[in-house]
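See structure below.
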Amino acid sequence: MSTAPDVALEARDIGLKFGTFVALEGVTVTFRRGGITGIVGPNGAGKSTLFNVLGGQLRADTGAVLLHGQDVSRSASHIRARHGLTRTFQISRELGALTVLENLLLAFPRQPGEGVLAALRGGASVRQAEDEAISRARALLERVGLWRLADSPANALSGGQKKLLELCRALMLEPRIVLLDEPAAGVNPVLVGELGDFIRTLCDEGLSFGIVEHNMDLIAALCDPIHVLAEGRLLTSGTFAEISSNARVTEAYLGGVA
Ligand SMILES: Nc1ncnc2c1ncn2[C@@H]1O[C@H](COP(=O)(O)OP(=O)(O)O)[C@@H](O)[C@H]1O
Ligand SMILES: [Mg+2]
């Protein structure tokens with residue numbers, strides 16, 4: 001199997017059922033290398049399920065996931081992360097009790113060759129890895145303006161700040177492609193703008209993104225192409241102008257909202 005060179009990630013002909021309920025059927029979408037690809041669609045369309053299949057949190061019944069042209073359909077999520085694919089997760093209740101900095105340090109990948117014994121001995125390599133993790137975390141937190149809150153518990157952050165922290169946690173893994181599921185949900189408009197600017201800057205630095213989002217301003221500002229899902233199927237793909245003038249897309253939204 002192979003993909004075009006400008007494709008970072010591909011879901012190919014994905015099908016997935018929950019019991020007898022068809023959550024995804026024949027879904028083929030690509031995520032552009034060095035681009036920001038959008039996924040939109042009414043609630044229940046299967047967007048988060050698709051991200052779970054791509055990230056390795058769920059295994060599809062049919063089809064394949066190709067990461068940089070390699071079939072990772074059977075790889076666990078941490079293996080996919082090692083190959084550069086990561087996604088954001090909401091800050092869980094337990095992580096909320098930890099500080100902002102601790103949240104990032106926990107996300108830092110273990111160094112190769114750093115076994116349990118080395119950790120117990122507290123060798124120089126472990127300290128070096130810790131120093132590297134702290135400096136990477138600090139650089140990220142400074143970039144998003146959260147360094148002054150490094151020692152605050154994560155659950156003291158606003159909704160928007162939590163989204164920035166989630167993104168920073170994903171970036172600790174030094175990914176090549178990041179999947180964001182509703183990064184603007186519950187975020188005030190000013191922070192949505194800042195988040196959008198940060199995503200665009202990261203993209204300019206060579207990172208690829210896939211974004212599920214209901215905030216159409218953010219989708220219009222950042223994403224090309226945009227894939228539209230409805231009832232577990234791919235309805236259409238195109239630029240924002242193309243999908244927003246597509247009558248089938250409008251119908252799907254009206255049906256989804258009713
Ligand atoms: N673990 C699950 N078990 C059963 N049904 C699920 C599960 N996860 C999602 N679904 C169903 O699959 C459909 C798609 O869900 P989801 O991917 O979360 O939609 P979206 O993110 O587009 O709103 C919904 O009808 C949802 O209820
Ligand atoms: Mg969802």
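Residues are named by chain letter and number: chains run A, B, ... in the order of the structure tokens, numbers start at 1 in each chain, and ligands are numbered from 1 in the order shown.
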Give me the residues within 7 Å of region 67-79 of chain A as a list in words, counting only C-alpha atoms and dropping any in the same chain fewer than 3 places off. Ser2, Thr3, Val7, Ala8, Leu9, Glu10, Gly55, Gly56, Gln57, Ala64, Arg82 and His83 of chain A
Restricting the output to N, CA and C atoms, write the selected residues as a PDB file, in the first residue's frame.
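Wrote out34.pdb, looks like this:
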```
ATOM      1  N   SER A   2       0.413   2.279  -0.667  1.00  0.00           N
ATOM      2  CA  SER A   2       1.181   3.518  -0.637  1.00  0.00           C
ATOM      3  C   SER A   2       0.228   4.691  -0.783  1.00  0.00           C
ATOM      4  N   THR A   3       0.728   5.861  -0.415  1.00  0.00           N
ATOM      5  CA  THR A   3      -0.068   7.073  -0.567  1.00  0.00           C
ATOM      6  C   THR A   3       0.757   8.091  -1.330  1.00  0.00           C
ATOM      7  N   VAL A   7       0.713  13.322   1.148  1.00  0.00           N
ATOM      8  CA  VAL A   7      -0.270  12.885   2.139  1.00  0.00           C
ATOM      9  C   VAL A   7       0.451  12.418   3.403  1.00  0.00           C
ATOM     10  N   ALA A   8       0.108  13.041   4.539  1.00  0.00           N
ATOM     11  CA  ALA A   8       0.732  12.653   5.806  1.00  0.00           C
ATOM     12  C   ALA A   8       0.009  11.454   6.414  1.00  0.00           C
ATOM     13  N   LEU A   9      -1.296  11.459   6.263  1.00  0.00           N
ATOM     14  CA  LEU A   9      -2.117  10.447   6.933  1.00  0.00           C
ATOM     15  C   LEU A   9      -3.331  10.169   6.062  1.00  0.00           C
ATOM     16  N   GLU A  10      -3.696   8.899   6.006  1.00  0.00           N
ATOM     17  CA  GLU A  10      -4.863   8.544   5.192  1.00  0.00           C
ATOM     18  C   GLU A  10      -5.709   7.499   5.911  1.00  0.00           C
ATOM     19  N   GLY A  55      -6.029   7.457  15.416  1.00  0.00           N
ATOM     20  CA  GLY A  55      -5.068   7.528  16.524  1.00  0.00           C
ATOM     21  C   GLY A  55      -4.751   6.171  17.129  1.00  0.00           C
ATOM     22  N   GLY A  56      -5.553   5.159  16.817  1.00  0.00           N
ATOM     23  CA  GLY A  56      -5.305   3.824  17.355  1.00  0.00           C
ATOM     24  C   GLY A  56      -6.043   3.553  18.657  1.00  0.00           C
ATOM     25  N   GLN A  57      -6.981   4.428  19.023  1.00  0.00           N
ATOM     26  CA  GLN A  57      -7.785   4.169  20.231  1.00  0.00           C
ATOM     27  C   GLN A  57      -8.898   3.168  19.920  1.00  0.00           C
ATOM     28  N   ALA A  64      -8.026   0.648   6.115  1.00  0.00           N
ATOM     29  CA  ALA A  64      -6.655   0.778   6.604  1.00  0.00           C
ATOM     30  C   ALA A  64      -6.344   2.218   6.977  1.00  0.00           C
ATOM     31  N   ARG A  82       4.969   7.176  18.220  1.00  0.00           N
ATOM     32  CA  ARG A  82       6.416   7.102  17.960  1.00  0.00           C
ATOM     33  C   ARG A  82       6.725   7.406  16.490  1.00  0.00           C
ATOM     34  N   HIS A  83       5.746   7.133  15.630  1.00  0.00           N
ATOM     35  CA  HIS A  83       5.921   7.439  14.208  1.00  0.00           C
ATOM     36  C   HIS A  83       5.389   8.826  13.858  1.00  0.00           C
TER      37      HIS A  83
END
```
Write out as a ChimeraX atom specification which residues come within 10 Å of Glu213 (chain A) when counting only C-alpha atoms, dropping same-chain ones fewer than 4 positions away. /A:38-41,47,180-185,217-219
Identify, on the basis of only C-alpha atoms, every residue whose closest approach to Leu106 (chain A) does not exceed 10 Å; exclude the query and any residue fewer than 2 positions from it along the same chain; express the result as a PyMOL selection string. chain A and resi 95+98+101-104+108-110+133+169+172
Store the residues picked out above in a file with all heavy atoms, as an mmCIF file, in the first residue's frame.
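Okay, again.cif is ready:
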```
data_model
loop_
_atom_site.group_PDB
_atom_site.id
_atom_site.type_symbol
_atom_site.label_atom_id
_atom_site.label_comp_id
_atom_site.auth_asym_id
_atom_site.auth_seq_id
_atom_site.Cartn_x
_atom_site.Cartn_y
_atom_site.Cartn_z
ATOM 1 N N LEU A 95 -5.492 14.312 35.941
ATOM 2 C CA LEU A 95 -4.436 15.201 35.452
ATOM 3 C C LEU A 95 -4.695 16.638 35.873
ATOM 4 O O LEU A 95 -3.767 17.423 36.036
ATOM 5 C CB LEU A 95 -4.323 15.115 33.927
ATOM 6 C CG LEU A 95 -3.768 13.791 33.404
ATOM 7 C CD1 LEU A 95 -3.771 13.778 31.886
ATOM 8 C CD2 LEU A 95 -2.364 13.548 33.913
ATOM 9 N N LEU A 98 -2.797 17.778 38.856
ATOM 10 C CA LEU A 98 -1.357 18.019 38.682
ATOM 11 C C LEU A 98 -1.132 19.433 38.153
ATOM 12 O O LEU A 98 -2.038 20.035 37.594
ATOM 13 C CB LEU A 98 -0.762 17.010 37.696
ATOM 14 C CG LEU A 98 -0.849 15.542 38.089
ATOM 15 C CD1 LEU A 98 -0.225 14.688 36.997
ATOM 16 C CD2 LEU A 98 -0.155 15.298 39.419
ATOM 17 N N LEU A 101 2.955 22.294 34.506
ATOM 18 C CA LEU A 101 4.264 21.754 34.109
ATOM 19 C C LEU A 101 4.283 20.224 34.221
ATOM 20 O O LEU A 101 4.759 19.533 33.311
ATOM 21 C CB LEU A 101 5.367 22.365 34.985
ATOM 22 C CG LEU A 101 6.789 21.887 34.688
ATOM 23 C CD1 LEU A 101 7.210 22.216 33.257
ATOM 24 C CD2 LEU A 101 7.786 22.508 35.677
ATOM 25 N N GLU A 102 3.737 19.699 35.327
ATOM 26 C CA GLU A 102 3.722 18.234 35.501
ATOM 27 C C GLU A 102 2.959 17.545 34.372
ATOM 28 O O GLU A 102 3.337 16.458 33.928
ATOM 29 C CB GLU A 102 3.086 17.877 36.854
ATOM 30 C CG GLU A 102 4.010 18.145 38.030
ATOM 31 C CD GLU A 102 3.300 18.143 39.382
ATOM 32 O OE1 GLU A 102 2.049 18.199 39.424
ATOM 33 O OE2 GLU A 102 4.009 18.100 40.405
ATOM 34 N N ASN A 103 1.880 18.184 33.915
ATOM 35 C CA ASN A 103 1.122 17.608 32.803
ATOM 36 C C ASN A 103 1.992 17.425 31.565
ATOM 37 O O ASN A 103 1.890 16.419 30.868
ATOM 38 C CB ASN A 103 -0.078 18.503 32.460
ATOM 39 C CG ASN A 103 -1.343 18.040 33.146
ATOM 40 O OD1 ASN A 103 -2.018 17.153 32.637
ATOM 41 N ND2 ASN A 103 -1.631 18.604 34.303
ATOM 42 N N LEU A 104 2.849 18.405 31.324
ATOM 43 C CA LEU A 104 3.721 18.299 30.145
ATOM 44 C C LEU A 104 4.817 17.260 30.371
ATOM 45 O O LEU A 104 5.154 16.491 29.462
ATOM 46 C CB LEU A 104 4.347 19.650 29.814
ATOM 47 C CG LEU A 104 3.416 20.728 29.297
ATOM 48 C CD1 LEU A 104 4.197 21.777 28.522
ATOM 49 C CD2 LEU A 104 2.332 20.168 28.401
ATOM 50 N N PHE A 108 6.064 13.488 28.215
ATOM 51 C CA PHE A 108 7.360 13.342 27.549
ATOM 52 C C PHE A 108 7.655 11.873 27.273
ATOM 53 O O PHE A 108 7.504 11.031 28.153
ATOM 54 C CB PHE A 108 8.457 13.937 28.444
ATOM 55 C CG PHE A 108 9.780 14.101 27.740
ATOM 56 C CD1 PHE A 108 9.929 15.043 26.732
ATOM 57 C CD2 PHE A 108 10.872 13.327 28.088
ATOM 58 C CE1 PHE A 108 11.143 15.209 26.088
ATOM 59 C CE2 PHE A 108 12.095 13.484 27.450
ATOM 60 C CZ PHE A 108 12.226 14.433 26.445
ATOM 61 N N PRO A 109 8.070 11.560 26.048
ATOM 62 C CA PRO A 109 8.322 10.143 25.736
ATOM 63 C C PRO A 109 9.543 9.634 26.487
ATOM 64 O O PRO A 109 10.493 10.377 26.697
ATOM 65 C CB PRO A 109 8.577 10.161 24.233
ATOM 66 C CG PRO A 109 9.019 11.552 23.924
ATOM 67 C CD PRO A 109 8.370 12.454 24.926
ATOM 68 N N ARG A 110 9.495 8.372 26.861
ATOM 69 C CA ARG A 110 10.658 7.765 27.513
ATOM 70 C C ARG A 110 11.786 7.648 26.491
ATOM 71 O O ARG A 110 11.569 7.365 25.340
ATOM 72 C CB ARG A 110 10.289 6.385 28.045
ATOM 73 C CG ARG A 110 9.343 6.442 29.203
ATOM 74 C CD ARG A 110 9.017 5.044 29.670
ATOM 75 N NE ARG A 110 10.211 4.392 30.202
ATOM 76 C CZ ARG A 110 10.688 4.619 31.426
ATOM 77 N NH1 ARG A 110 10.092 5.466 32.217
ATOM 78 N NH2 ARG A 110 11.755 3.981 31.843
ATOM 79 N N ALA A 133 13.312 17.452 29.080
ATOM 80 C CA ALA A 133 11.846 17.542 29.159
ATOM 81 C C ALA A 133 11.437 18.892 29.731
ATOM 82 O O ALA A 133 10.518 19.545 29.222
ATOM 83 C CB ALA A 133 11.296 16.408 30.027
ATOM 84 N N ARG A 169 0.770 19.446 25.392
ATOM 85 C CA ARG A 169 1.056 18.047 25.775
ATOM 86 C C ARG A 169 1.330 17.195 24.549
ATOM 87 O O ARG A 169 2.248 16.383 24.521
ATOM 88 C CB ARG A 169 -0.139 17.454 26.547
ATOM 89 C CG ARG A 169 -0.078 17.722 28.019
ATOM 90 C CD ARG A 169 -0.899 16.713 28.794
ATOM 91 N NE ARG A 169 -2.240 16.547 28.269
ATOM 92 C CZ ARG A 169 -3.132 15.733 28.774
ATOM 93 N NH1 ARG A 169 -2.834 15.000 29.827
ATOM 94 N NH2 ARG A 169 -4.326 15.635 28.259
ATOM 95 N N MET A 172 4.794 17.848 23.111
ATOM 96 C CA MET A 172 5.937 17.284 23.846
ATOM 97 C C MET A 172 6.481 16.044 23.142
ATOM 98 O O MET A 172 7.646 15.696 23.273
ATOM 99 C CB MET A 172 5.538 16.909 25.282
ATOM 100 C CG MET A 172 5.368 18.071 26.229
ATOM 101 S SD MET A 172 6.897 18.992 26.527
ATOM 102 C CE MET A 172 7.787 17.886 27.642
#
```
In region 49-201 of chain A, what's strand (DSSP E) per DSSP? Answer as a list in words?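 Strand (DSSP E) members of region 49-201 of chain A, listed: Thr62, Gly63, Ala64, Val65, Leu66, Leu67, Gln70, Asp71, Leu85, Thr86, Arg87, Ile177, Val178, Leu179, Leu180 and Asp181 of chain A.
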Emit the selected residues as a compact mmCIF listing (two decimals), in the first residue's frame, including N, CA, C and O atoms.
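File produced: part-v1.txt:
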```txt
# COMPACT_ATOMS: atom_id res chain seq x y z
N THR A 62 -13.06 -2.63 8.93
CA THR A 62 -12.53 -2.76 7.57
C THR A 62 -11.70 -1.53 7.23
O THR A 62 -11.83 -0.49 7.87
N GLY A 63 -10.88 -1.66 6.21
CA GLY A 63 -10.10 -0.52 5.72
C GLY A 63 -8.74 -0.43 6.40
O GLY A 63 -8.35 -1.33 7.15
N ALA A 64 -8.03 0.65 6.12
CA ALA A 64 -6.65 0.78 6.60
C ALA A 64 -6.34 2.22 6.98
O ALA A 64 -6.96 3.15 6.47
N VAL A 65 -5.37 2.36 7.90
CA VAL A 65 -4.84 3.68 8.25
C VAL A 65 -3.39 3.71 7.79
O VAL A 65 -2.59 2.84 8.17
N LEU A 66 -3.08 4.69 6.95
CA LEU A 66 -1.72 4.81 6.42
C LEU A 66 -1.08 6.07 6.97
O LEU A 66 -1.62 7.18 6.80
N LEU A 67 0.06 5.90 7.64
CA LEU A 67 0.78 7.04 8.23
C LEU A 67 2.09 7.18 7.47
O LEU A 67 2.91 6.25 7.49
N GLN A 70 2.77 4.25 5.46
CA GLN A 70 2.91 2.93 6.08
C GLN A 70 1.60 2.50 6.72
O GLN A 70 0.94 3.31 7.39
N ASP A 71 1.26 1.25 6.56
CA ASP A 71 0.02 0.73 7.14
C ASP A 71 0.20 0.55 8.64
O ASP A 71 0.98 -0.30 9.09
N LEU A 85 2.45 10.48 14.95
CA LEU A 85 1.03 10.83 14.97
C LEU A 85 0.56 10.96 16.41
O LEU A 85 0.68 10.01 17.20
N THR A 86 0.02 12.10 16.76
CA THR A 86 -0.54 12.22 18.10
C THR A 86 -1.83 13.03 18.04
O THR A 86 -2.14 13.64 17.03
N ARG A 87 -2.58 12.97 19.12
CA ARG A 87 -3.85 13.70 19.16
C ARG A 87 -4.03 14.26 20.55
O ARG A 87 -3.37 13.83 21.49
N ILE A 177 2.32 14.95 12.81
CA ILE A 177 0.91 15.30 12.54
C ILE A 177 0.12 15.21 13.84
O ILE A 177 0.29 14.27 14.62
N VAL A 178 -0.71 16.21 14.06
CA VAL A 178 -1.50 16.29 15.30
C VAL A 178 -2.97 16.34 14.93
O VAL A 178 -3.37 17.12 14.06
N LEU A 179 -3.77 15.52 15.61
CA LEU A 179 -5.21 15.54 15.42
C LEU A 179 -5.86 16.25 16.60
O LEU A 179 -5.61 15.90 17.75
N LEU A 180 -6.68 17.26 16.30
CA LEU A 180 -7.34 18.05 17.34
C LEU A 180 -8.85 17.85 17.23
O LEU A 180 -9.43 18.14 16.17
N ASP A 181 -9.47 17.36 18.29
CA ASP A 181 -10.91 17.15 18.28
C ASP A 181 -11.59 18.31 19.01
O ASP A 181 -11.51 18.41 20.23
```
Would you give me, as number ranges by chain, the residues in region 101-258 of chain A that DSSP reads as alpha helix (DSSP H)? A: 101-107, 116-121, 124-143, 159-171, 189-204, 216-222, 240-244, 247-257
Shell of 7 Å around ligand 1 (only C-alpha atoms and all ligand atoms), written as a list of chain:residue names: A:Phe18, A:Ala23, A:Gly41, A:Pro42, A:Asn43, A:Gly44, A:Ala45, A:Gly46, A:Lys47, A:Ser48, A:Thr49, A:Leu50
Which one of A:Ala247, A:Val212, A:Ile226, A:Leu173 sits closest to ligand 2 if you count only C-alpha atoms and all ligand atoms?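 Of all the options, A:Val212 lies closest to ligand 2.
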